[in-house]
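Engineer: This is the structure I have questions about; it appears just below.
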Amino acid sequence: MSDHVIEMLGITKQYPGVLANDHVDLQIRRGSVLCLVGENGAGKSTLMKILYGLEQPDSGEIRLNGEAVVFHSSRDAIRHRIGMVHQHFMLVGELSVLENIILGMEPTAGPRIDYKKARKELEELSRKFNMAIPLDAPAGSLPVGLQQKVEILKAMYRGADVLILDEPTAVLTPQETRELFTVIRDLAASGHSLILITHKLDEVMQVGDEIVVMRHGVRVASFATEETNASELAVAMVGSALPSLIEREEAGGKELLSLQDVTLRGPGGKPLLDQINITLHEGEILGIAGVSGNGQGELADVVTGILTADAGSIRYAGEDITHLKRGARLKKGIDYIPEDRSSRGLCLPWSIADNLIAGFQRRPDFLKRGLLNQSAILEKAKQLIADFDIRTPSATAPASTLSGGNQQKIVIARESSFGAKLIVAAEPTRGVDIGAISFIHNNLISLRNSGVAVLLFSSDLDEIFKLSDRIAVLYEGKIVFTAKAGTITREKIGLYMAGVGKDGPQ
């Protein structure tokens, strides 16, 4: 029998205008953890979709335990004992954990579902893989770390020998990440093979046995984990060394933003934000950490004027702006990098040039006799395209034609180039390449060094710790902890993110 449980040989997949996979070879050893890394568009997800039967290759072969197989659907892959946990979980929130796990594979006793048998099997699996899960709780009521374990247990219940995990730590706290890595190592030790699609190179070094790097649809490198490091992996992913993070100048300007007891209520009067108190100074980055869904979007919208607080006050540069709308706050220099660039940061059918000045089109330098001065707009767009390294053949091309990283650079360029005094940056590097992440981080530090205040929302703790001068934790709409960066560990922040820390200094 082959040492490799899976062999993907010469896999090629062509989409209109894009060669997603170009004769890719990939082998996974039995009982090992293989990490698949690469920038967005490198071809990782396409390759795994082919392995899981969601896509079919144009050419190439898949071998399972040495024998050629063809997967026409995910059902075929599951029947061949291949499972996949997607980045966005596939759970029905209203159903119990038990009902979610057995959905579509319910054991029966006569005409009825045999829940007793299902419970016994799941309890045995839980003990075997050390995953204690409340089987009777509604799946939607569980924290994300437990929801992920439910997805893994669901794959195990379906008999998976090979498990694909897509960005498995994207929304986990440090404690949940550690628990996940323990589960992964236990699964590997019991003979399962795991493939992790990820961009977190430090985590790759912790959990992987082998690492395969893809770039532009091609497998460009492979390493045994003990023979490489995160810096070498980054170079392999990008094709060149990344620039270092620029030096931070001493922070400590005057107070620019102050929120006092800010409260926002949702349907039924439930607080989405509950008596928020924060301050932010010129030339300072305040990082707001928290698991997604704890009020980050609402707080960003309240600060930028998209939503109006139901109670409390907001002062900016000494002025009460509690009831000012978005347009008025933009004129005062409160700029916004929204979490969802596609729907809130860009108009994708518009040209890159028009997107680069959207919201600032009434500035005198873009008007001529009361009409938009297209030549001035185009000139400014070309300047920003060069300054922010936006990869495009033309400023007049639609924004929809660019990669996600270059679309994000349009938003970053616009919001940081017209005299911003405060930038609210919500997940500024989500879904962008490692090279673009480096560029965006340096841009935010540069703005901070020039005196701009940055309110940073990120579910990526590495980003929070790398960029922030102070860190606050948002949990269930409340600020539950605030501290200077460098005085707190990731583990302690993770406890507050999970709601199990005690109130800290504000």
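Chain lettering (A, B, ...) mirrors the order of the structure tokens, residue numbering begins at 1 for each chain separately, and ligand numbering begins at 1 in order of display.
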Give me the residues near Leu98 of chain A as an NGL selection string, where near means some atom within 7 Å (using only C-alpha atoms) and where sequence neighbours in that chain fewer than 2 positions away do not count.
Structural biologist: :A and (96 or 100-102 or 135-136)
Engineer: Write a file of the just-selected residues containing N, CA, C and O atoms, as a PDB file, in the first residue's frame.
Structural biologist:
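Once written, out-v1.pdb looks like this:
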ATOM      1  N   SER A  96     -30.264  21.205  17.390  1.00  0.00           N
ATOM      2  CA  SER A  96     -29.295  20.819  18.412  1.00  0.00           C
ATOM      3  C   SER A  96     -27.998  20.368  17.758  1.00  0.00           C
ATOM      4  O   SER A  96     -27.946  20.064  16.553  1.00  0.00           O
ATOM      5  N   ASN A 100     -27.545  18.435  14.174  1.00  0.00           N
ATOM      6  CA  ASN A 100     -26.660  18.938  13.125  1.00  0.00           C
ATOM      7  C   ASN A 100     -25.678  17.874  12.658  1.00  0.00           C
ATOM      8  O   ASN A 100     -25.428  17.722  11.461  1.00  0.00           O
ATOM      9  N   ILE A 101     -25.114  17.145  13.596  1.00  0.00           N
ATOM     10  CA  ILE A 101     -24.076  16.181  13.250  1.00  0.00           C
ATOM     11  C   ILE A 101     -24.632  15.029  12.419  1.00  0.00           C
ATOM     12  O   ILE A 101     -24.006  14.573  11.452  1.00  0.00           O
ATOM     13  N   ILE A 102     -25.832  14.550  12.765  1.00  0.00           N
ATOM     14  CA  ILE A 102     -26.370  13.378  12.059  1.00  0.00           C
ATOM     15  C   ILE A 102     -27.216  13.761  10.848  1.00  0.00           C
ATOM     16  O   ILE A 102     -27.688  12.880  10.125  1.00  0.00           O
ATOM     17  N   LEU A 135     -24.326  17.990  23.393  1.00  0.00           N
ATOM     18  CA  LEU A 135     -25.081  17.472  22.253  1.00  0.00           C
ATOM     19  C   LEU A 135     -26.498  18.035  22.161  1.00  0.00           C
ATOM     20  O   LEU A 135     -27.073  18.081  21.068  1.00  0.00           O
ATOM     21  N   ASP A 136     -27.069  18.472  23.282  1.00  0.00           N
ATOM     22  CA  ASP A 136     -28.456  18.933  23.262  1.00  0.00           C
ATOM     23  C   ASP A 136     -28.591  20.447  23.104  1.00  0.00           C
ATOM     24  O   ASP A 136     -29.706  20.954  22.965  1.00  0.00           O
TER      25      ASP A 136
END
Engineer: Return as an NGL selection string the full set of residues in segment 289-438 of chain A whose backbone-based DSSP assignment is alpha helix (DSSP H).
Structural biologist: :A and (296-304 or 326-331 or 352-357 or 374-387 or 404-415 or 434-438)
Engineer: Next, the residues of the selection above should be written as a PDB file, in the first residue's frame with C-alpha atoms.
Structural biologist:
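File produced: selection10.pdb:
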ATOM      1  CA  GLN A 296     -17.508  45.669  16.509  1.00  0.00           C
ATOM      2  CA  GLY A 297     -19.524  46.665  13.432  1.00  0.00           C
ATOM      3  CA  GLU A 298     -22.026  48.660  15.469  1.00  0.00           C
ATOM      4  CA  LEU A 299     -19.272  50.531  17.324  1.00  0.00           C
ATOM      5  CA  ALA A 300     -17.491  51.403  14.082  1.00  0.00           C
ATOM      6  CA  ASP A 301     -20.765  52.655  12.578  1.00  0.00           C
ATOM      7  CA  VAL A 302     -21.583  54.739  15.659  1.00  0.00           C
ATOM      8  CA  VAL A 303     -18.158  56.423  15.631  1.00  0.00           C
ATOM      9  CA  THR A 304     -18.361  57.183  11.900  1.00  0.00           C
ATOM     10  CA  ARG A 326     -21.832  60.412   8.296  1.00  0.00           C
ATOM     11  CA  GLY A 327     -21.362  63.200   5.745  1.00  0.00           C
ATOM     12  CA  ALA A 328     -20.729  65.829   8.409  1.00  0.00           C
ATOM     13  CA  ARG A 329     -18.224  63.606  10.208  1.00  0.00           C
ATOM     14  CA  LEU A 330     -16.385  62.872   6.965  1.00  0.00           C
ATOM     15  CA  LYS A 331     -15.928  66.617   6.418  1.00  0.00           C
ATOM     16  CA  ILE A 352     -10.853  52.870 -10.068  1.00  0.00           C
ATOM     17  CA  ALA A 353     -10.485  56.655 -10.454  1.00  0.00           C
ATOM     18  CA  ASP A 354     -14.076  57.329  -9.396  1.00  0.00           C
ATOM     19  CA  ASN A 355     -13.734  54.992  -6.413  1.00  0.00           C
ATOM     20  CA  LEU A 356     -10.538  56.727  -5.348  1.00  0.00           C
ATOM     21  CA  ILE A 357     -12.299  60.080  -4.892  1.00  0.00           C
ATOM     22  CA  GLN A 374     -12.299  64.524 -14.978  1.00  0.00           C
ATOM     23  CA  SER A 375      -8.710  65.377 -15.862  1.00  0.00           C
ATOM     24  CA  ALA A 376      -7.959  66.408 -12.255  1.00  0.00           C
ATOM     25  CA  ILE A 377      -9.625  63.260 -10.945  1.00  0.00           C
ATOM     26  CA  LEU A 378      -7.637  61.096 -13.333  1.00  0.00           C
ATOM     27  CA  GLU A 379      -4.381  62.832 -12.387  1.00  0.00           C
ATOM     28  CA  LYS A 380      -5.048  62.272  -8.674  1.00  0.00           C
ATOM     29  CA  ALA A 381      -6.022  58.653  -9.331  1.00  0.00           C
ATOM     30  CA  LYS A 382      -2.767  57.979 -11.174  1.00  0.00           C
ATOM     31  CA  GLN A 383      -0.830  59.468  -8.272  1.00  0.00           C
ATOM     32  CA  LEU A 384      -2.628  57.272  -5.708  1.00  0.00           C
ATOM     33  CA  ILE A 385      -2.273  54.184  -7.904  1.00  0.00           C
ATOM     34  CA  ALA A 386       1.498  54.746  -7.918  1.00  0.00           C
ATOM     35  CA  ASP A 387       1.754  55.680  -4.218  1.00  0.00           C
ATOM     36  CA  GLY A 404      -9.294  41.639  -3.379  1.00  0.00           C
ATOM     37  CA  GLY A 405      -5.981  43.023  -2.148  1.00  0.00           C
ATOM     38  CA  ASN A 406      -5.898  45.734  -4.806  1.00  0.00           C
ATOM     39  CA  GLN A 407      -9.546  46.612  -4.132  1.00  0.00           C
ATOM     40  CA  GLN A 408      -8.641  47.041  -0.471  1.00  0.00           C
ATOM     41  CA  LYS A 409      -5.754  49.311  -1.453  1.00  0.00           C
ATOM     42  CA  ILE A 410      -8.257  51.584  -3.244  1.00  0.00           C
ATOM     43  CA  VAL A 411     -10.196  51.979   0.007  1.00  0.00           C
ATOM     44  CA  ILE A 412      -7.018  52.497   2.058  1.00  0.00           C
ATOM     45  CA  ALA A 413      -5.687  55.062  -0.442  1.00  0.00           C
ATOM     46  CA  ARG A 414      -8.932  57.060  -0.508  1.00  0.00           C
ATOM     47  CA  GLU A 415      -9.501  57.104   3.241  1.00  0.00           C
ATOM     48  CA  ILE A 434       0.469  38.717   2.761  1.00  0.00           C
ATOM     49  CA  GLY A 435       2.217  41.340   0.620  1.00  0.00           C
ATOM     50  CA  ALA A 436      -0.799  43.658   0.809  1.00  0.00           C
ATOM     51  CA  ILE A 437      -1.030  43.045   4.563  1.00  0.00           C
ATOM     52  CA  SER A 438       2.545  44.263   4.983  1.00  0.00           C
TER      53      SER A 438
END
Engineer: Taking only C-alpha atoms into account, which of A:Glu67, A:Glu39, A:Asp261, A:Asp335 comes nearest Ser417 of chain A?
Structural biologist: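 Selected residue with least distance to Ser417 of chain A: A:Asp335.
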Engineer: Taking 5 positions as the minimum chain separation for residues in the same chain, which residues sit within 10 Å of Glu476 of chain A when counting only C-alpha atoms? Answer as a PyMOL selection string.
Structural biologist: chain A and resi 271-274+290-291+293-296+497-499
Engineer: Which is closest to Thr177 of chain A among A:Gly451, A:Lys200, A:Gly159, A:Phe439, if we use only C-alpha atoms?
Structural biologist: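 Checking each candidate against Thr177 of chain A, we get A:Lys200 as the closest.
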